[in-house]
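Written below as structure tokens is the structure these notes are about.
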Amino acid sequence: MSSKPKFFLLDAGPIIELHRLGRWDLVLDRAEIIVPRVIAEHEAQYWVREDDSTRPINTLSDAEAGRLTVLDCEEVELRHTLELFDRATQQSIDAGELHALTLLRCWQDEPIPSFCCADRMAIVCLCLLGFSDSAVSLEELLSGVGLTATLKRQFTTTAISVWIDEGRRRFVQRSGLA
């Protein structure tokens, strides 16, 4: 495993999965977590238990308690990020992913947070923006904070490595960029 910082920007999928796995509070105790506002307010709202009942996710409450940071993007910056991609690529990313990619593109400080996402095209877009080294799987995040779990494929380092390879190849070919 590479040595990733314990500083993560999370997409909705990993937030929901961490809740499902019962690891959310442990991760908040062991790492600095950033969540895009659109994900906190609209995308990561609940998780589904094995009996199909739902449980709420309250990232805004966690932020109010100082356990994580919620960040927002300027509309002009969101548009600029979107305009970097061709139409097909634009249509393949959702609002939360766009916000996360924009936060990374506009990041001013060091270190840049690692982006934990379980969506192929979001990782490809991350690479197209030149941030392939910032991609991290949920498996790697958990390992980095001393935790383990049995994960679905999209949360594994194996899956994200394939997506990073695709994104780096597309970056070189300029495939997906405007």
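Here, A, B, ... name the chains of the structure tokens in the order displayed, residue numbers run from 1 inside each chain, and ligands are numbered from 1 in the same displayed order.
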If you count only C-alpha atoms, which residues fall within 8 Å of range 72-89 of chain A, apart from same-chain ones fewer than 2 positions away, as an NGL selection string?
:A and (36-38 or 70 or 91-93 or 98-99 or 101-103 or 105-106 or 121 or 125 or 176-178)
Dump as a compact mmCIF listing (two decimals), in the first residue's frame, selection limited to all heavy atoms:
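Contents of part24.txt, as written:
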```
# COMPACT_ATOMS: atom_id res chain seq x y z
N PRO A 36 -18.11 17.38 0.30
CA PRO A 36 -18.73 18.48 -0.44
C PRO A 36 -20.15 18.74 0.07
O PRO A 36 -20.90 17.80 0.39
CB PRO A 36 -18.77 17.96 -1.89
CG PRO A 36 -17.66 16.97 -1.95
CD PRO A 36 -17.66 16.31 -0.60
N ARG A 37 -20.52 20.02 0.17
CA ARG A 37 -21.83 20.38 0.73
C ARG A 37 -22.99 19.67 0.01
O ARG A 37 -23.92 19.20 0.65
CB ARG A 37 -22.04 21.90 0.68
CG ARG A 37 -23.40 22.31 1.26
CD ARG A 37 -23.48 23.77 1.58
NE ARG A 37 -22.45 24.23 2.49
CZ ARG A 37 -22.48 24.05 3.82
NH1 ARG A 37 -23.48 23.41 4.38
NH2 ARG A 37 -21.50 24.52 4.56
N VAL A 38 -22.94 19.58 -1.31
CA VAL A 38 -24.04 18.95 -2.04
C VAL A 38 -24.21 17.49 -1.62
O VAL A 38 -25.33 16.98 -1.56
CB VAL A 38 -23.87 19.11 -3.57
CG1 VAL A 38 -22.73 18.26 -4.10
CG2 VAL A 38 -25.17 18.77 -4.29
N VAL A 70 -17.37 20.40 5.95
CA VAL A 70 -18.20 20.47 4.75
C VAL A 70 -17.76 21.71 3.98
O VAL A 70 -17.70 22.81 4.54
CB VAL A 70 -19.69 20.54 5.11
CG1 VAL A 70 -20.54 20.78 3.87
CG2 VAL A 70 -20.14 19.26 5.83
N GLN A 91 -21.72 14.34 -18.92
CA GLN A 91 -22.97 13.65 -18.57
C GLN A 91 -22.74 12.42 -17.70
O GLN A 91 -23.69 11.85 -17.17
CB GLN A 91 -23.72 13.27 -19.84
CG GLN A 91 -24.20 14.49 -20.59
CD GLN A 91 -24.80 14.16 -21.95
OE1 GLN A 91 -24.67 13.06 -22.46
NE2 GLN A 91 -25.46 15.14 -22.54
N SER A 92 -21.49 12.02 -17.53
CA SER A 92 -21.20 10.79 -16.78
C SER A 92 -20.89 11.03 -15.30
O SER A 92 -20.70 10.07 -14.56
CB SER A 92 -20.02 10.05 -17.43
OG SER A 92 -18.82 10.78 -17.23
N ILE A 93 -20.84 12.28 -14.88
CA ILE A 93 -20.56 12.56 -13.47
C ILE A 93 -21.74 13.26 -12.83
O ILE A 93 -22.43 14.06 -13.46
CB ILE A 93 -19.26 13.38 -13.30
CG1 ILE A 93 -19.29 14.67 -14.11
CG2 ILE A 93 -18.04 12.55 -13.63
CD1 ILE A 93 -18.08 15.57 -13.89
N LEU A 98 -18.89 16.19 -9.27
CA LEU A 98 -18.46 17.46 -9.85
C LEU A 98 -17.96 18.40 -8.76
O LEU A 98 -16.93 19.05 -8.91
CB LEU A 98 -19.60 18.11 -10.64
CG LEU A 98 -19.28 19.50 -11.22
CD1 LEU A 98 -18.11 19.44 -12.19
CD2 LEU A 98 -20.53 20.07 -11.88
N HIS A 99 -18.68 18.47 -7.65
CA HIS A 99 -18.25 19.33 -6.54
C HIS A 99 -16.91 18.86 -5.98
O HIS A 99 -16.02 19.67 -5.72
CB HIS A 99 -19.31 19.36 -5.44
CG HIS A 99 -20.43 20.30 -5.72
ND1 HIS A 99 -21.39 20.06 -6.66
CD2 HIS A 99 -20.74 21.49 -5.16
CE1 HIS A 99 -22.26 21.07 -6.68
NE2 HIS A 99 -21.88 21.94 -5.78
N LEU A 101 -14.55 17.10 -7.53
CA LEU A 101 -13.51 17.37 -8.52
C LEU A 101 -13.16 18.86 -8.54
O LEU A 101 -11.98 19.23 -8.67
CB LEU A 101 -13.96 16.91 -9.91
CG LEU A 101 -14.11 15.40 -10.08
CD1 LEU A 101 -14.85 15.08 -11.38
CD2 LEU A 101 -12.76 14.70 -10.02
N THR A 102 -14.15 19.71 -8.40
CA THR A 102 -13.92 21.15 -8.38
C THR A 102 -13.14 21.56 -7.13
O THR A 102 -12.21 22.37 -7.22
CB THR A 102 -15.25 21.92 -8.47
OG1 THR A 102 -15.90 21.55 -9.70
CG2 THR A 102 -15.04 23.42 -8.43
N LEU A 103 -13.49 20.99 -6.00
CA LEU A 103 -12.74 21.29 -4.77
C LEU A 103 -11.26 20.93 -4.95
O LEU A 103 -10.37 21.71 -4.58
CB LEU A 103 -13.33 20.55 -3.57
CG LEU A 103 -14.66 21.09 -3.04
CD1 LEU A 103 -15.25 20.14 -2.02
CD2 LEU A 103 -14.47 22.48 -2.43
N ARG A 105 -9.60 20.59 -7.84
CA ARG A 105 -9.01 21.45 -8.88
C ARG A 105 -8.64 22.82 -8.32
O ARG A 105 -7.64 23.41 -8.71
CB ARG A 105 -9.98 21.60 -10.05
CG ARG A 105 -9.40 22.34 -11.25
CD ARG A 105 -10.42 22.53 -12.36
NE ARG A 105 -11.56 23.33 -11.98
CZ ARG A 105 -11.54 24.66 -11.85
NH1 ARG A 105 -10.44 25.35 -12.06
NH2 ARG A 105 -12.64 25.31 -11.51
N CYS A 106 -9.44 23.31 -7.40
CA CYS A 106 -9.23 24.65 -6.85
C CYS A 106 -8.45 24.65 -5.53
O CYS A 106 -8.25 25.71 -4.93
CB CYS A 106 -10.58 25.33 -6.63
SG CYS A 106 -11.51 25.60 -8.15
N MET A 121 -16.18 6.60 -13.52
CA MET A 121 -16.01 7.82 -14.30
C MET A 121 -15.53 9.00 -13.46
O MET A 121 -14.81 9.86 -13.96
CB MET A 121 -17.29 8.17 -15.06
CG MET A 121 -17.44 7.39 -16.35
SD MET A 121 -15.99 7.44 -17.46
CE MET A 121 -15.90 9.17 -17.90
N CYS A 125 -12.28 11.01 -14.46
CA CYS A 125 -12.27 12.47 -14.54
C CYS A 125 -11.19 13.07 -13.63
O CYS A 125 -10.53 14.04 -14.02
CB CYS A 125 -13.64 13.03 -14.16
SG CYS A 125 -14.90 12.74 -15.41
N GLY A 176 -11.90 12.56 -23.60
CA GLY A 176 -12.83 12.94 -22.55
C GLY A 176 -12.71 14.41 -22.18
O GLY A 176 -13.53 14.95 -21.45
N LEU A 177 -11.67 15.05 -22.70
CA LEU A 177 -11.48 16.47 -22.43
C LEU A 177 -12.07 17.31 -23.56
O LEU A 177 -12.15 16.83 -24.70
CB LEU A 177 -9.99 16.78 -22.26
CG LEU A 177 -9.34 16.17 -21.03
CD1 LEU A 177 -7.83 16.33 -21.08
CD2 LEU A 177 -9.90 16.79 -19.76
N ALA A 178 -12.46 18.51 -23.23
CA ALA A 178 -13.03 19.42 -24.24
C ALA A 178 -11.97 19.86 -25.23
O ALA A 178 -10.80 19.87 -24.96
CB ALA A 178 -13.66 20.62 -23.55
```
Would you return as a ChimeraX atom specification the members of chain A that DSSP assigns to strand (DSSP E) on this structure's backbone?
/A:7-10,32-36,46-48,54-56,69-71,114-116,135-136
How close does each residue of range 29-140 of chain A get to range 148-164 of chain A, giving the shortest atom pair and distance in Å to one decimal for every residue with an atom at most 6 Å away, counting only C-alpha atoms, sorted by chain and residue number, as a Markdown table?
```
| residue | atom | partner | partner_atom | distance |
| --- | --- | --- | --- | --- |
| A:Ala118 | CA | A:Gln154 | CA | 5.2 |
| A:Arg120 | CA | A:Trp163 | CA | 5.7 |
| A:Ser137 | CA | A:Thr157 | CA | 5.2 |
| A:Leu138 | CA | A:Phe155 | CA | 5.1 |
| A:Glu139 | CA | A:Thr156 | CA | 5.1 |
```
Dump of N, CA and C atoms for the selected residues, as a PDB file, in the first residue's frame:
```pdb
ATOM      1  N   ALA A 118     -16.131   5.573  -5.300  1.00  0.00           N
ATOM      2  CA  ALA A 118     -16.340   4.216  -5.822  1.00  0.00           C
ATOM      3  C   ALA A 118     -17.018   4.262  -7.189  1.00  0.00           C
ATOM      4  N   ARG A 120     -16.342   4.720 -11.285  1.00  0.00           N
ATOM      5  CA  ARG A 120     -15.320   4.650 -12.332  1.00  0.00           C
ATOM      6  C   ARG A 120     -15.112   5.985 -13.036  1.00  0.00           C
ATOM      7  N   SER A 137      -8.948   4.178  -2.794  1.00  0.00           N
ATOM      8  CA  SER A 137     -10.107   3.306  -2.606  1.00  0.00           C
ATOM      9  C   SER A 137     -10.542   3.345  -1.142  1.00  0.00           C
ATOM     10  N   LEU A 138     -11.759   2.911  -0.886  1.00  0.00           N
ATOM     11  CA  LEU A 138     -12.218   2.786   0.492  1.00  0.00           C
ATOM     12  C   LEU A 138     -11.366   1.754   1.229  1.00  0.00           C
ATOM     13  N   GLU A 139     -10.964   0.715   0.530  1.00  0.00           N
ATOM     14  CA  GLU A 139     -10.084  -0.292   1.128  1.00  0.00           C
ATOM     15  C   GLU A 139      -8.792   0.362   1.631  1.00  0.00           C
TER      16      GLU A 139
END
```
Env of Glu41 in chain A: 9 Å cut, atoms = only C-alpha atoms, seq-sep filter 6 positions within chain, self excluded. Answer as an MDAnalysis selection string.
chainID A and resid 58:60
With N, CA, C and O atoms retained, write the just-selected residues as a PDB file, in the first residue's frame.
```pdb
ATOM      1  N   ASN A  58     -26.098  11.756   8.993  1.00  0.00           N
ATOM      2  CA  ASN A  58     -26.150  13.164   9.391  1.00  0.00           C
ATOM      3  C   ASN A  58     -24.774  13.814   9.318  1.00  0.00           C
ATOM      4  O   ASN A  58     -24.210  14.214  10.331  1.00  0.00           O
ATOM      5  N   THR A  59     -24.237  13.953   8.104  1.00  0.00           N
ATOM      6  CA  THR A  59     -22.909  14.557   7.975  1.00  0.00           C
ATOM      7  C   THR A  59     -22.916  16.019   8.415  1.00  0.00           C
ATOM      8  O   THR A  59     -21.901  16.503   8.928  1.00  0.00           O
ATOM      9  N   LEU A  60     -24.022  16.719   8.245  1.00  0.00           N
ATOM     10  CA  LEU A  60     -24.073  18.110   8.694  1.00  0.00           C
ATOM     11  C   LEU A  60     -23.967  18.199  10.215  1.00  0.00           C
ATOM     12  O   LEU A  60     -23.303  19.096  10.744  1.00  0.00           O
TER      13      LEU A  60
END
```
Gly13 in chain A: which residues within 7 Å, counting only C-alpha atoms, same-chain residues fewer than 2 positions away excluded, as a CSV table (one decimal) with all heavy atoms, in the first residue's frame?
```csv
chain,number,residue,atom,x,y,z
A,11,ASP,N,-16.7,11.0,-1.5
A,11,ASP,CA,-17.9,11.0,-2.3
A,11,ASP,C,-19.0,10.3,-1.5
A,11,ASP,O,-18.7,9.7,-0.5
A,11,ASP,CB,-17.6,10.3,-3.6
A,11,ASP,CG,-18.7,10.4,-4.7
A,11,ASP,OD1,-19.5,11.4,-4.6
A,11,ASP,OD2,-18.8,9.6,-5.6
A,15,ILE,N,-19.2,7.2,2.0
A,15,ILE,CA,-19.9,7.6,3.2
A,15,ILE,C,-21.0,6.7,3.5
A,15,ILE,O,-21.1,6.2,4.7
A,15,ILE,CB,-20.4,9.1,3.0
A,15,ILE,CG1,-19.3,10.1,2.9
A,15,ILE,CG2,-21.3,9.4,4.2
A,15,ILE,CD1,-19.8,11.5,2.5
A,16,ILE,N,-21.8,6.3,2.6
A,16,ILE,CA,-22.9,5.4,2.8
A,16,ILE,C,-22.3,4.0,3.2
A,16,ILE,O,-22.8,3.4,4.2
A,16,ILE,CB,-23.8,5.3,1.5
A,16,ILE,CG1,-24.5,6.6,1.3
A,16,ILE,CG2,-24.7,4.1,1.6
A,16,ILE,CD1,-25.1,6.8,-0.1
A,17,GLU,N,-21.3,3.6,2.5
A,17,GLU,CA,-20.7,2.2,2.8
A,17,GLU,C,-20.1,2.2,4.2
A,17,GLU,O,-20.2,1.2,4.9
A,17,GLU,CB,-19.7,1.8,1.7
A,17,GLU,CG,-19.2,0.4,1.8
A,17,GLU,CD,-20.3,-0.6,1.6
A,17,GLU,OE1,-21.4,-0.3,1.2
A,17,GLU,OE2,-20.0,-1.8,1.7
A,117,CYS,N,-13.6,7.6,-3.7
A,117,CYS,CA,-14.8,7.5,-4.5
A,117,CYS,C,-14.9,6.0,-5.1
A,117,CYS,O,-13.9,5.4,-5.3
A,117,CYS,CB,-14.7,8.5,-5.7
A,117,CYS,SG,-16.1,8.5,-6.8
A,118,ALA,N,-16.1,5.6,-5.3
A,118,ALA,CA,-16.3,4.2,-5.8
A,118,ALA,C,-17.0,4.3,-7.2
A,118,ALA,O,-17.7,3.3,-7.6
A,118,ALA,CB,-17.2,3.4,-4.8
```
Report as a PDB file with N, CA, C and O atoms, in the first residue's frame all protein, DNA and RNA residues lying within 8 Å of Cys116 in chain A, evaluated on only C-alpha atoms, omitting residues in the same chain fewer than 3 positions from it.
```pdb
ATOM      1  N   PHE A   8      -8.895  13.038   3.754  1.00  0.00           N
ATOM      2  CA  PHE A   8      -9.698  12.486   2.676  1.00  0.00           C
ATOM      3  C   PHE A   8     -10.883  13.375   2.317  1.00  0.00           C
ATOM      4  O   PHE A   8     -11.556  13.913   3.186  1.00  0.00           O
ATOM      5  N   LEU A   9     -11.144  13.464   1.029  1.00  0.00           N
ATOM      6  CA  LEU A   9     -12.344  14.064   0.470  1.00  0.00           C
ATOM      7  C   LEU A   9     -13.221  12.897   0.033  1.00  0.00           C
ATOM      8  O   LEU A   9     -12.790  12.064  -0.769  1.00  0.00           O
ATOM      9  N   LEU A  10     -14.429  12.806   0.572  1.00  0.00           N
ATOM     10  CA  LEU A  10     -15.274  11.640   0.321  1.00  0.00           C
ATOM     11  C   LEU A  10     -16.451  11.938  -0.589  1.00  0.00           C
ATOM     12  O   LEU A  10     -17.136  12.950  -0.439  1.00  0.00           O
ATOM     13  N   ASP A  11     -16.694  10.998  -1.504  1.00  0.00           N
ATOM     14  CA  ASP A  11     -17.898  10.991  -2.322  1.00  0.00           C
ATOM     15  C   ASP A  11     -19.000  10.289  -1.517  1.00  0.00           C
ATOM     16  O   ASP A  11     -18.737   9.670  -0.472  1.00  0.00           O
ATOM     17  N   PRO A  14     -18.688   6.056  -0.596  1.00  0.00           N
ATOM     18  CA  PRO A  14     -17.923   5.637   0.577  1.00  0.00           C
ATOM     19  C   PRO A  14     -18.550   6.063   1.908  1.00  0.00           C
ATOM     20  O   PRO A  14     -18.470   5.322   2.890  1.00  0.00           O
ATOM     21  N   ALA A 135      -6.294   9.728  -6.030  1.00  0.00           N
ATOM     22  CA  ALA A 135      -7.346   8.713  -5.943  1.00  0.00           C
ATOM     23  C   ALA A 135      -7.008   7.681  -4.871  1.00  0.00           C
ATOM     24  O   ALA A 135      -5.870   7.218  -4.767  1.00  0.00           O
ATOM     25  N   VAL A 136      -8.003   7.307  -4.093  1.00  0.00           N
ATOM     26  CA  VAL A 136      -7.819   6.291  -3.059  1.00  0.00           C
ATOM     27  C   VAL A 136      -9.110   5.476  -2.949  1.00  0.00           C
ATOM     28  O   VAL A 136     -10.213   6.011  -3.042  1.00  0.00           O
ATOM     29  N   SER A 137      -8.948   4.178  -2.794  1.00  0.00           N
ATOM     30  CA  SER A 137     -10.107   3.306  -2.606  1.00  0.00           C
ATOM     31  C   SER A 137     -10.542   3.345  -1.142  1.00  0.00           C
ATOM     32  O   SER A 137      -9.763   3.727  -0.253  1.00  0.00           O
ATOM     33  N   LEU A 138     -11.759   2.911  -0.886  1.00  0.00           N
ATOM     34  CA  LEU A 138     -12.218   2.786   0.492  1.00  0.00           C
ATOM     35  C   LEU A 138     -11.366   1.754   1.229  1.00  0.00           C
ATOM     36  O   LEU A 138     -11.052   1.928   2.411  1.00  0.00           O
ATOM     37  N   LEU A 141      -8.295   3.623   2.255  1.00  0.00           N
ATOM     38  CA  LEU A 141      -8.630   4.547   3.336  1.00  0.00           C
ATOM     39  C   LEU A 141      -8.710   3.799   4.656  1.00  0.00           C
ATOM     40  O   LEU A 141      -8.089   4.196   5.649  1.00  0.00           O
TER      41      LEU A 141
END
```
Counting only C-alpha atoms, which of A:Ile112, A:Asp94, A:Asp165, A:Ser143 gets nearest to Val124 in chain A?
A:Asp165
Gap from CA of Ala31 in chain A to CA of Lys6 in chain A - Å, one decimal
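Computed distance, CA of Ala31 in chain A to CA of Lys6 in chain A, equals 5.0 Å.
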Mind giving me the straight-line distance from CA of Ser175 in chain A to CA of Phe115 in chain A in Å, one decimal?
21.5 Å
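Shortest separation to Asp29 in chain A among A:Phe131, A:Pro113, A:Gly146, A:Ala44 occurs at residue A:Gly146, atoms counted being only C-alpha atoms.
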Counting only C-alpha atoms, which of A:Arg174, A:Arg20, A:Arg67, A:Arg30 gets nearest to Arg49 in chain A?
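Of A:Arg174, A:Arg20, A:Arg67, A:Arg30, the one nearest Arg49 in chain A is A:Arg20, counting only C-alpha atoms.
Each of A:Gly66, A:Leu147, A:Glu166, A:Phe171 was checked against Arg23 in chain A using only C-alpha atoms; the smallest atom-to-atom distance is that of A:Leu147.
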Please run DSSP on the backbone and report, as JSON, numbers by chain, all residues within chain A that come out as alpha helix (DSSP H).
{"A": [12, 13, 14, 15, 16, 17, 18, 19, 20, 21, 24, 25, 26, 27, 28, 29, 30, 37, 38, 59, 60, 61, 62, 63, 64, 75, 76, 77, 78, 79, 80, 81, 82, 83, 87, 88, 89, 90, 95, 96, 97, 98, 99, 100, 101, 102, 103, 104, 105, 120, 121, 122, 123, 124, 125, 126, 127, 128, 138, 139, 140, 141, 142, 143, 144, 157, 158, 159, 160, 161, 162, 163, 164, 165, 166, 167, 168, 169, 170, 171, 172, 173]}
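Using only C-alpha atoms, the shortest contact distance between Ser61 in chain A and any of A:Ser134, A:Ser114, A:Gln173, A:Gln45 is found at A:Gln45.
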